[in-house]
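Asker: my_file23.txt (compact mmCIF, C-alpha atoms and all ligand atoms) pasted underneath:
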# COMPACT_ATOMS: atom_id res chain seq x y z
CA MET A 1 0.00 0.00 0.00
CA TYR A 2 1.28 3.47 -0.89
CA HIS A 3 0.74 6.27 1.63
CA ILE A 4 0.19 9.64 0.01
CA LEU A 5 -0.18 12.98 1.78
CA ALA A 6 -1.96 15.82 -0.04
CA ALA A 7 -1.13 18.94 1.99
CA ASP A 8 -1.95 22.65 1.56
CA SER A 9 -5.61 22.08 0.54
CA ILE A 10 -4.75 20.71 -2.90
CA LYS A 11 -7.92 20.67 -4.98
CA GLU A 12 -9.79 17.47 -4.18
CA GLU A 13 -11.10 16.85 -7.71
CA GLY A 14 -7.54 16.89 -9.04
CA LEU A 15 -6.61 14.02 -6.72
CA LEU A 16 -8.83 11.62 -8.63
CA PRO A 17 -5.96 9.75 -10.36
CA LEU A 18 -4.65 8.89 -6.88
CA LEU A 19 -8.01 8.22 -5.26
CA GLU A 20 -8.77 5.67 -7.97
CA MET A 21 -5.65 3.63 -7.11
CA GLU A 22 -6.53 0.46 -5.26
CA ASN A 23 -3.15 0.20 -3.61
CA ALA A 24 -2.99 3.75 -2.20
CA VAL A 25 -4.33 5.60 0.79
CA VAL A 26 -4.54 9.38 0.46
CA TYR A 27 -4.31 11.54 3.58
CA ARG A 28 -5.24 15.23 3.63
CA GLY A 29 -3.68 17.54 6.18
CA GLN A 30 -0.58 19.39 7.19
CA THR A 31 2.77 17.84 8.01
CA ASP A 32 2.82 19.68 11.36
CA SER A 33 -0.71 18.67 12.43
CA GLY A 34 0.46 15.70 14.47
CA GLU A 35 -2.29 13.63 12.81
CA ILE A 36 -0.39 12.21 9.83
CA PRO A 37 1.91 9.17 10.14
CA LEU A 38 4.80 11.03 8.50
CA GLU A 39 7.18 8.07 8.76
CA ARG A 40 4.92 6.05 6.42
CA ILE A 41 4.33 8.67 3.72
CA ASP A 42 5.68 7.65 0.28
CA ALA A 43 4.50 10.69 -1.67
CA LEU A 44 3.96 14.27 -0.55
CA LEU A 45 1.88 16.72 -2.59
CA VAL A 46 2.25 20.40 -1.65
CA ARG A 47 1.40 23.89 -2.82
CA SER A 48 3.53 26.68 -1.33
CA ALA A 49 2.57 26.67 2.35
CA THR A 50 4.42 23.49 3.31
CA LYS A 51 8.15 24.07 3.54
CA VAL A 52 9.84 20.84 2.58
CA THR A 53 12.98 21.32 4.64
CA ASN A 54 15.80 18.99 5.55
CA GLU A 55 14.22 18.64 9.01
CA LEU A 56 10.87 17.62 7.55
CA LEU A 57 12.57 15.10 5.24
CA ASP A 58 14.31 13.63 8.30
CA ARG A 59 10.86 12.88 9.70
CA MET A 60 9.71 11.22 6.47
CA PRO A 61 12.08 8.28 5.93
CA SER A 62 9.75 6.48 3.47
CA LEU A 63 9.34 9.50 1.18
CA LYS A 64 10.11 8.82 -2.48
CA ILE A 65 8.50 11.69 -4.36
CA VAL A 66 7.56 15.31 -3.60
CA ALA A 67 5.12 16.88 -6.03
CA ARG A 68 4.66 20.65 -6.13
CA ALA A 69 1.21 21.65 -7.38
CA GLY A 70 2.54 24.81 -9.00
CA VAL A 71 5.61 26.06 -10.79
CA GLY A 72 8.06 27.38 -8.20
CA VAL A 73 9.89 24.76 -6.16
CA ASP A 74 11.52 27.30 -3.87
CA ASN A 75 9.65 25.89 -0.85
CA ILE A 76 11.44 22.56 -1.34
CA ASP A 77 15.02 21.85 -0.30
CA ILE A 78 15.93 20.17 -3.59
CA GLU A 79 19.48 19.42 -2.51
CA ALA A 80 18.36 17.64 0.65
CA ALA A 81 15.72 15.71 -1.32
CA THR A 82 18.20 14.71 -4.04
CA LYS A 83 20.72 13.48 -1.45
CA ARG A 84 18.04 11.13 -0.16
CA GLY A 85 17.13 9.96 -3.67
CA ILE A 86 13.73 11.67 -3.45
CA ILE A 87 12.28 12.85 -6.78
CA VAL A 88 10.84 16.37 -6.99
CA VAL A 89 8.26 17.13 -9.68
CA ASN A 90 6.19 20.22 -10.37
CA ALA A 91 3.26 21.30 -12.53
CA PRO A 92 5.03 23.59 -14.97
CA ASP A 93 2.14 24.90 -17.04
CA GLY A 94 -1.12 24.38 -15.17
CA ASN A 95 -1.34 27.94 -13.88
CA THR A 96 0.25 29.88 -16.76
CA ILE A 97 -2.95 31.50 -18.03
CA SER A 98 -4.23 32.35 -14.56
CA THR A 99 -0.99 34.04 -13.60
CA ALA A 100 -0.76 35.96 -16.88
CA GLU A 101 -4.36 37.11 -16.47
CA HIS A 102 -3.78 38.12 -12.86
CA THR A 103 -0.72 40.15 -13.87
CA PHE A 104 -2.76 41.85 -16.56
CA ALA A 105 -5.56 42.61 -14.09
CA MET A 106 -3.03 44.07 -11.65
CA MET A 107 -1.55 46.25 -14.39
CA ALA A 108 -4.95 47.61 -15.42
CA SER A 109 -5.96 48.12 -11.78
CA LEU A 110 -2.77 50.01 -11.03
CA LEU A 111 -3.01 52.36 -13.97
CA ARG A 112 -6.72 53.05 -13.43
CA ASN A 113 -6.58 53.32 -9.61
CA ILE A 114 -9.27 50.68 -9.30
CA PRO A 115 -8.48 49.51 -5.73
CA HIS A 116 -8.41 53.10 -4.43
CA ALA A 117 -11.54 54.11 -6.33
CA TYR A 118 -13.35 50.99 -5.12
CA ALA A 119 -12.47 51.75 -1.49
CA SER A 120 -13.62 55.33 -1.95
CA VAL A 121 -17.01 54.45 -3.48
CA LYS A 122 -17.56 51.85 -0.76
CA ASN A 123 -16.99 54.72 1.65
CA TYR A 124 -19.94 56.55 -0.02
CA GLU A 125 -17.64 59.04 -1.79
CA TRP A 126 -17.77 60.11 -5.45
CA LYS A 127 -14.35 61.65 -6.14
CA ARG A 128 -14.03 61.33 -9.92
CA ASN A 129 -11.21 63.88 -10.22
CA GLN A 130 -9.05 62.06 -7.73
CA PHE A 131 -8.77 58.89 -9.79
CA ILE A 132 -7.57 60.04 -13.20
CA GLY A 133 -5.64 57.11 -14.63
CA SER A 134 -3.56 56.28 -17.73
CA GLU A 135 -4.35 54.17 -20.78
CA LEU A 136 -2.46 50.99 -21.53
CA TYR A 137 -2.81 51.69 -25.25
CA GLY A 138 0.49 52.79 -26.78
CA LYS A 139 2.48 52.29 -23.57
CA THR A 140 5.66 50.25 -23.56
CA LEU A 141 5.45 47.15 -21.41
CA GLY A 142 8.84 45.71 -20.44
CA ILE A 143 8.73 42.01 -19.67
CA VAL A 144 11.71 40.48 -17.90
CA GLY A 145 11.54 36.73 -18.46
CA MET A 146 9.71 35.34 -21.48
CA GLY A 147 8.86 31.87 -20.29
CA ARG A 148 5.30 30.57 -20.37
CA ILE A 149 3.75 33.35 -18.25
CA GLY A 150 5.74 36.20 -19.83
CA SER A 151 4.74 34.98 -23.31
CA GLU A 152 1.03 34.76 -22.45
CA LEU A 153 1.17 38.21 -20.91
CA ALA A 154 2.83 39.57 -24.06
CA LYS A 155 -0.04 38.23 -26.21
CA ARG A 156 -2.58 40.01 -24.02
CA ALA A 157 -0.60 43.25 -24.02
CA LYS A 158 -0.39 43.13 -27.83
CA ALA A 159 -4.19 42.75 -27.95
CA PHE A 160 -4.37 46.04 -26.00
CA GLU A 161 -2.02 47.62 -28.58
CA MET A 162 0.84 48.06 -26.17
CA ASN A 163 4.46 48.01 -27.36
CA VAL A 164 6.15 45.03 -25.79
CA ARG A 165 9.88 44.98 -25.12
CA VAL A 166 11.31 41.91 -23.53
CA PHE A 167 14.51 40.69 -21.97
CA ASP A 168 15.21 36.99 -21.89
CA PRO A 169 18.60 35.55 -22.79
CA PHE A 170 16.91 32.33 -23.96
CA LEU A 171 14.38 33.94 -26.29
CA THR A 172 15.01 33.12 -29.93
CA LYS A 173 14.62 35.70 -32.70
CA GLU A 174 11.88 33.61 -34.33
CA ARG A 175 9.85 33.34 -31.15
CA ALA A 176 10.15 37.09 -30.53
CA GLU A 177 8.98 37.73 -34.09
CA ASN A 178 6.07 35.32 -33.73
CA LEU A 179 4.94 37.04 -30.56
CA GLY A 180 5.40 40.50 -32.09
CA VAL A 181 7.70 41.65 -29.30
CA ILE A 182 11.02 43.49 -29.40
CA SER A 183 13.83 41.50 -27.87
CA SER A 184 16.17 43.87 -25.99
CA SER A 185 18.94 43.97 -23.46
CA PHE A 186 17.96 44.22 -19.80
CA GLU A 187 19.24 47.78 -19.74
CA ASP A 188 17.13 48.73 -22.78
CA VAL A 189 14.00 47.29 -21.17
CA LEU A 190 14.70 49.31 -18.04
CA LYS A 191 15.34 52.53 -19.94
CA SER A 192 12.46 52.38 -22.41
CA SER A 193 9.51 50.88 -20.54
CA ASP A 194 6.54 52.69 -19.01
CA ILE A 195 5.60 49.57 -17.09
CA ILE A 196 7.98 46.76 -16.11
CA THR A 197 6.92 43.29 -15.00
CA VAL A 198 9.12 40.40 -13.91
CA HIS A 199 8.41 36.77 -14.79
CA THR A 200 11.49 34.82 -13.76
CA PRO A 201 11.99 32.25 -11.02
CA LEU A 202 13.77 33.49 -7.90
CA THR A 203 17.39 32.38 -8.20
CA LYS A 204 20.80 33.68 -7.14
CA GLU A 205 20.89 35.57 -10.45
CA THR A 206 17.41 37.11 -10.27
CA LYS A 207 17.32 37.99 -6.57
CA GLY A 208 17.31 41.79 -6.39
CA LEU A 209 17.39 42.11 -10.19
CA LEU A 210 15.64 45.43 -9.72
CA ASN A 211 17.65 47.16 -7.04
CA TRP A 212 19.06 50.61 -6.14
CA GLU A 213 21.38 50.55 -9.17
CA THR A 214 19.05 49.13 -11.81
CA LEU A 215 15.98 51.11 -10.70
CA LYS A 216 18.00 54.27 -11.40
CA LEU A 217 17.99 53.30 -15.08
CA THR A 218 14.20 53.21 -15.32
CA LYS A 219 12.07 56.09 -16.62
CA LYS A 220 10.79 58.52 -14.03
CA GLY A 221 7.13 57.64 -13.55
CA VAL A 222 7.59 53.95 -14.33
CA TYR A 223 5.13 51.40 -12.91
CA LEU A 224 6.45 48.08 -11.60
CA LEU A 225 4.77 44.72 -11.23
CA ASN A 226 5.83 41.56 -9.45
CA CYS A 227 3.50 38.57 -9.72
CA ALA A 228 6.41 36.11 -9.84
CA ARG A 229 8.42 35.79 -6.63
CA GLY A 230 9.09 38.17 -3.76
CA GLY A 231 12.66 39.49 -3.83
CA ILE A 232 13.15 39.77 -7.60
CA ILE A 233 12.44 43.46 -7.02
CA ASP A 234 14.37 44.51 -3.93
CA GLU A 235 11.64 45.56 -1.50
CA GLU A 236 13.64 48.26 0.32
CA ALA A 237 14.85 49.80 -2.93
CA LEU A 238 11.31 49.77 -4.32
CA ALA A 239 9.93 51.54 -1.24
CA GLU A 240 12.63 54.18 -1.53
CA PHE A 241 12.03 54.76 -5.26
CA ILE A 242 8.29 55.11 -4.66
CA GLU A 243 8.85 57.50 -1.77
CA ASN A 244 11.24 59.68 -3.77
CA GLY A 245 8.67 59.86 -6.61
CA HIS A 246 10.72 58.03 -9.26
CA VAL A 247 8.41 54.99 -9.39
CA ALA A 248 4.77 56.01 -9.94
CA GLY A 249 3.30 52.85 -8.47
CA ALA A 250 3.71 49.14 -7.97
CA ALA A 251 1.45 46.10 -8.06
CA LEU A 252 2.64 43.20 -5.98
CA ASP A 253 1.22 39.71 -5.67
CA VAL A 254 4.27 38.32 -3.92
CA PHE A 255 6.56 39.27 -1.05
CA VAL A 256 9.88 38.06 0.33
CA THR A 257 8.03 36.89 3.45
CA GLU A 258 4.44 35.73 3.03
CA PRO A 259 2.25 36.88 4.60
CA PRO A 260 4.18 40.16 4.72
CA GLY A 261 2.59 41.51 7.92
CA ASP A 262 3.07 45.21 8.67
CA HIS A 263 5.32 45.73 5.64
CA PRO A 264 6.64 49.22 4.72
CA LEU A 265 5.47 48.75 1.10
CA LEU A 266 1.90 48.13 2.25
CA ARG A 267 1.87 51.50 3.99
CA LEU A 268 2.43 53.26 0.65
CA ASP A 269 -0.68 54.45 -1.17
CA LYS A 270 1.00 53.85 -4.53
CA VAL A 271 1.32 50.15 -3.88
CA ILE A 272 -1.54 47.82 -4.65
CA ALA A 273 -1.28 44.22 -3.53
CA THR A 274 -2.93 40.82 -3.54
CA PRO A 275 -2.08 37.79 -1.36
CA HIS A 276 -0.18 35.62 -3.91
CA LEU A 277 -3.28 35.01 -6.00
CA GLY A 278 -1.67 34.51 -9.42
CA ALA A 279 -2.54 30.83 -9.56
CA SER A 280 -5.68 31.07 -7.46
CA THR A 281 -8.39 30.18 -9.94
CA ARG A 282 -10.59 27.10 -10.04
CA GLU A 283 -9.09 26.19 -13.41
CA ALA A 284 -5.44 26.54 -12.42
CA GLN A 285 -5.87 24.70 -9.13
CA LEU A 286 -7.60 21.82 -10.88
CA ASN A 287 -4.90 21.76 -13.57
CA VAL A 288 -1.96 21.70 -11.19
CA ALA A 289 -3.54 19.20 -8.80
CA THR A 290 -4.36 16.86 -11.69
CA GLN A 291 -0.88 17.23 -13.19
CA VAL A 292 0.92 16.32 -9.98
CA ALA A 293 -1.53 13.56 -9.06
CA LYS A 294 -0.92 11.98 -12.48
CA ALA A 295 2.84 12.36 -12.05
CA VAL A 296 2.75 10.60 -8.67
CA ARG A 297 0.53 7.82 -10.02
CA THR A 298 2.86 7.38 -13.00
CA TYR A 299 5.77 7.14 -10.59
CA PHE A 300 4.07 4.40 -8.57
CA GLU A 301 3.10 2.59 -11.73
CA ASP A 302 6.80 2.60 -12.52
CA LYS A 303 6.64 4.69 -15.67
CA PRO A 304 9.01 7.57 -16.36
CA VAL A 305 7.80 10.83 -14.81
CA SER A 306 7.91 13.81 -17.16
CA ASN A 307 8.74 17.28 -15.89
CA SER A 308 9.66 20.74 -17.17
C1 LIG B 401 3.58 28.87 -8.51
O1 LIG B 401 4.77 28.82 -8.25
O2 LIG B 401 3.02 27.96 -9.12
C2 LIG B 401 2.75 30.04 -8.12
O3 LIG B 401 3.48 31.03 -7.50
C3 LIG B 401 1.53 29.68 -7.36
C4 LIG B 401 1.75 29.06 -6.02
O4 LIG B 401 2.76 29.27 -5.36
O5 LIG B 401 0.88 28.31 -5.60
Could you render the structure as structure tokens?

Answerer:
Amino acid sequence: MYHILAADSIKEEGLLPLLEMENAVVYRGQTDSGEIPLERIDALLVRSATKVTNELLDRMPSLKIVARAGVGVDNIDIEAATKRGIIVVNAPDGNTISTAEHTFAMMASLLRNIPHAYASVKNYEWKRNQFIGSELYGKTLGIVGMGRIGSELAKRAKAFEMNVRVFDPFLTKERAENLGVISSSFEDVLKSSDIITVHTPLTKETKGLLNWETLKLTKKGVYLLNCARGGIIDEEALAEFIENGHVAGAALDVFVTEPPGDHPLLRLDKVIATPHLGASTREAQLNVATQVAKAVRTYFEDKPVSNS
């Protein structure tokens, strides 16, 4: 019998491939609840809340596979897992559309002051002059990272007749042409964009990619978006550039520490924020849960597991 733990409220419907297995028992719950026989668990399915640390792996000696229902695997100690021979898989494309759409919604909300206007109307006010926004039409959107999400966002921006400039060292000329985007250097994207959005994983290279030095290169009045991972835009530098008036506003779905608590950026009126909702749609959650459930089942059925 295989013992499988689905943590972090992974969408139940997506677990069907595992629930149908006759030789598996599927537990739901958190690793720290005290209610799960951790020592017997063969497969662990997580979203982002569970931190799969070396210490947790020590308590799970039977573990063979960790499946991340999402893209980023930064909540998993890959090195510690690999040392133990534990496979780590993710769901590389299940939430692409949802995250691209959320980024687009954040961009439109930021430029049209929708969160502020909403709060004002709910407060029985009618201050039309206070919420003059800007059009997206004709603006230059700079996309840093043209993987799945960056590419889907570019398509949507093109539909709104924005100019799209992108930086991605792996982007081919043909793909850029097909998407109708201008492939540029990082510096060019910084210098020429009205709005900049980041869509890279958080790595040693991308941590603080937008920082005191690089933010200086951006246009005065630039808008910044981060719906990827907290820390790609240095939070302290961003707060300073908003306070000194260089950055006109920022839309953030992610923070270095989540939840961010009483964070200096949240005290700034020019910052709008959501609680890491990029992948939080019914469709994306079903997609990623199904993808990882299938991967785990394939693993137990002794077939090769595919991954990004
Ligand atoms: C991801 O990495 O897939 C997204 O950030 C969503 C999530 O963390 O659940």

Asker: Quick one: everything within 6 Å of Gly249 of chain A, counting only C-alpha atoms, minus sequence neighbours fewer than 3 positions away in the same chain. Send it as a VMD selection string.

Answerer: chain A and resid 223 270 to 271

Asker: Restricted to C-alpha atoms, what would the selected residues look like written as a CSV table (one decimal), keeping the file's coordinate frame?

Answerer:
chain,number,residue,atom,x,y,z
A,223,TYR,CA,5.1,51.4,-12.9
A,270,LYS,CA,1.0,53.8,-4.5
A,271,VAL,CA,1.3,50.2,-3.9

Asker: Quick one: residues within 8 Å of Pro275 of chain A, all atoms listed in the file, excluding same-chain residues fewer than 6 positions away - as a ChimeraX atom specification?

Answerer: /A:253-254,259

Asker: Near Glu213 of chain A, within 12 Å and counting only C-alpha atoms, which residues show up once chain neighbours fewer than 4 positions away are dropped, as a PyMOL selection string?

Answerer: chain A and resi 187+190+208-209+217-218+233-234+237-238+241

Asker: Residues near Met21 of chain A, anyone? I mean within 12 Å using all atoms listed in the file, not counting same-chain ones fewer than 3 positions away, as a PyMOL selection string.

Answerer: chain A and resi 1-4+15-18+24-26+293-294+296-298+300-301

Asker: How would you write, as a list in words, the set of residues no farther than 7 Å from ligand LIG 401 (chain B) when counting all atoms listed in the file?

Answerer: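 Counting all atoms listed in the file, the residues within 7 Å of ligand LIG 401 (chain B) come out as Arg47, Ser48, Ala69, Gly70, Val71, Gly72, Val73, Asn95, Ala228, Arg229, His276, Gly278 and Ala279 of chain A.
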
Asker: Identify, on the basis of all atoms listed in the file, every residue whose closest approach to segment 122-131 of chain A does not exceed 8 Å; exclude the query and any residue fewer than 3 positions from it along the same chain; express the result as a PyMOL selection string.

Answerer: chain A and resi 112-113+116-119

Asker: Give me, please, the distance in Å between atom CA of Lys155 of chain A and atom CA of Ala176 of chain A, quoted to one decimal.

Answerer: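 Computing the Euclidean distance for atom CA of Lys155 of chain A and atom CA of Ala176 of chain A yields 11.1 Å.
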
Asker: Kindly compute an axis-aligned box around the listed atoms of segment 207-226 of chain A, allowing 6 Å on each side, and express its centre and edge lengths in Å to one decimal as lines of an AutoDock Vina configuration file.

Answerer:
center_x = 13.1
center_y = 48.3
center_z = -11.4
size_x = 28.6
size_y = 32.5
size_z = 22.5

Asker: State, in Å with one decimal place, the distance from atom CA of Gly142 of chain A to atom CA of Pro201 of chain A.

Answerer: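 Separation of atom CA of Gly142 of chain A and atom CA of Pro201 of chain A: 16.7 Å.
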
Asker: Could you list as a PyMOL selection string every residue that has an atom within 12 Å of (-3.8, 15.5, 10.2), using the file's coordinates and counting all atoms listed in the file?

Answerer: chain A and resi 5-9+26-38

Asker: In terms of the shortest atom-to-atom distance over all atoms listed in the file, which of A:Asp74, A:Asp188, A:Glu236, A:Glu283 is closest to Leu202 of chain A?

Answerer: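 Under the stated criterion, the closest residue is A:Asp74.
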
Asker: From the set A:Arg267, A:Lys64, A:Lys83, A:His102, which residue has the shortest atom-to-atom contact distance to Ala284 of chain A, counting all atoms listed in the file?

Answerer: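 For Ala284 of chain A, the nearest of the given residues is A:His102.
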
Asker: One number please: atom CA of Leu210 of chain A to atom CA of Leu153 of chain A, in Å, one decimal.

Answerer: 19.7 Å
